[in-house]
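Structure first, commentary second.
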Amino acid sequence: MILYPAIDLKDGQAVRLVHGDMDQTTVFNDNPAAQAGVFVAAGCDWLHLVDLNGAFAGEPVNARPVEAILAAYPGIKTQLGGGIRDMATIERWLSKGLTRVILGTVAVENPALVRQAARAFPGQVAVGIDARNGRVATKGWAEETDILVTDLARSFEDAGVAAIIYTDILRDGAMKGPNIQATADLARAVSISVIASGGVSSLADLMALRETAVIAGAISGRALYDGAIDLKAALAALA
């Protein structure tokens, strides 16, 4: 199981939110590239980047810190979500060296774009599904829909997407553990690799996710910043 350290970007800084609330922000590093360096030095293979402002704006806002990370650590695999809602933006980010783009809001509003992008860039398009109580939320988690997580995921079974990143919004940033059951149920319902996000707050959480044998990866943010998870030790345990 792959561990993805998270760098959430707001106003050019590395931050963490609680339950996706932009008003509940903790700044952990005003230099996101330096924060990436901490994770890289610990031995991670991937970085999970989120443009929080972009998720609300519908277009990239924190391009500069993302580009700084890509320039500083070209050997590290990276995935980015937030504000990526058209083919031109997808093409631009991948041309800059991003390994994978994450499409969230457009997966609901324009699923044809997801299919087009997945065909054009095999293995480089993931779908981000963010949910409250099993129903999908969009636009930086600000808008809720009546769409069930499993229904949305299954609709992309034949699209060729690389992964589904499932975030339980009520667990995100709360340090209360991930929704293991819901994530595992989703992973069993689809053939696409599923990555868990939201609430991963201890090594025990990571091991529990791995023990499901169906979850391909886990994203952790606040627990790494707070020291609740030692990244180097966690990577060693998962290896």
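Order determines the names: the first chain of the structure tokens is A, the second B, and so forth; residues in each chain are numbered 1 upward, and ligands are numbered 1 upward as they are shown.
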
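Across segment 60-119 of chain A, DSSP run on the backbone finds strand (DSSP E or B) at Lys77, Thr78, Gln79, Leu80, Gly81, Arg100, Val101, Ile102 and Leu103 of chain A.
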
| request: Could you give me, as a VMD selection string, the residues within 6 Å of segment 131-137 of chain A, counting only C-alpha atoms and dropping anything in the same chain fewer than 6 positions from it? | output: chain A and resid 143 to 149 168 to 169

| field | Per-residue DSSP, segment 44-116 of chain A, filtered to helix (DSSP H, G or I), as a ChimeraX atom specification | value | /A:52-57,63-72,87-95,105-109,111-116

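If only C-alpha atoms are the atoms counted, then among A:Gln181, A:Gln13, A:Thr150, A:Asn29 the closest residue to Val50 of chain A is A:Gln13.
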
| field | Computed interatomic separation between atom CA of Val15 of chain A and atom CA of Ser201 of chain A (Å) | value | 16.0 Å

| field | Contacts of Pro5 of chain A at 9 Å (only C-alpha atoms; same-chain gap of 4+ positions) as a PyMOL selection string | value | chain A and resi 36+39+44+46-49+218-221+224+231

Keeping N, CA and C atoms, export the residues of the selection given above as a compact mmCIF listing (two decimals), in the first residue's frame.
# COMPACT_ATOMS: atom_id res chain seq x y z
N ALA A 36 7.74 19.85 1.04
CA ALA A 36 7.92 18.70 0.16
C ALA A 36 9.28 18.07 0.39
N PHE A 39 9.29 15.68 3.29
CA PHE A 39 8.68 14.39 2.96
C PHE A 39 9.60 13.56 2.06
N CYS A 44 9.59 9.21 0.84
CA CYS A 44 8.33 8.96 0.14
C CYS A 44 8.56 8.87 -1.37
N TRP A 46 5.75 9.31 -3.47
CA TRP A 46 4.68 10.13 -4.02
C TRP A 46 4.43 11.35 -3.13
N LEU A 47 3.89 12.42 -3.74
CA LEU A 47 3.35 13.56 -3.01
C LEU A 47 1.92 13.80 -3.52
N HIS A 48 1.02 14.07 -2.59
CA HIS A 48 -0.37 14.38 -2.92
C HIS A 48 -0.58 15.88 -2.71
N LEU A 49 -0.85 16.61 -3.77
CA LEU A 49 -0.98 18.06 -3.72
C LEU A 49 -2.42 18.47 -4.00
N ALA A 218 -3.03 5.28 0.81
CA ALA A 218 -3.62 6.14 1.84
C ALA A 218 -2.92 7.49 1.82
N ILE A 219 -3.72 8.54 1.99
CA ILE A 219 -3.21 9.91 2.05
C ILE A 219 -3.26 10.37 3.50
N SER A 220 -2.18 11.00 3.95
CA SER A 220 -2.16 11.54 5.30
C SER A 220 -1.54 12.92 5.28
N GLY A 221 -2.13 13.82 6.06
CA GLY A 221 -1.64 15.18 6.12
C GLY A 221 -1.34 15.62 7.54
N LEU A 224 1.01 13.75 9.86
CA LEU A 224 2.44 13.88 9.56
C LEU A 224 3.00 15.19 10.07
N LEU A 231 6.82 9.61 9.35
CA LEU A 231 6.75 9.20 7.94
C LEU A 231 7.77 8.11 7.62

| Distance criterion (only C-alpha atoms): nearest to Asp230 of chain A out of A:Val61, A:Asn53, A:Ala204, A:Ile215 |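 Between A:Val61, A:Asn53, A:Ala204, A:Ile215, the residue approaching Asp230 of chain A most closely is A:Ala204.
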
Can you write out as a tab-separated table which residues of segment 119-203 of chain A fall within 12 Å of segment 93-101 of chain A, alongside each residue's closest atom pair and its distance in Å to one decimal, counting only C-alpha atoms and ordering rows by chain and ascending residue number?
residue	atom	partner	partner_atom	distance
A:Ala120	CA	A:Leu94	CA	11.3
A:Phe121	CA	A:Leu94	CA	8.8
A:Pro122	CA	A:Arg100	CA	9.8
A:Gly123	CA	A:Arg100	CA	7.5
A:Gln124	CA	A:Arg100	CA	4.3
A:Val125	CA	A:Val101	CA	5.2
A:Ala126	CA	A:Val101	CA	6.1
A:Val127	CA	A:Val101	CA	8.4
A:Gly128	CA	A:Val101	CA	9.5
A:Val161	CA	A:Arg100	CA	10.3
A:Ala162	CA	A:Arg100	CA	8.5
A:Ala163	CA	A:Arg100	CA	9.7
A:Ile164	CA	A:Val101	CA	11.3
A:Ile165	CA	A:Val101	CA	11.2
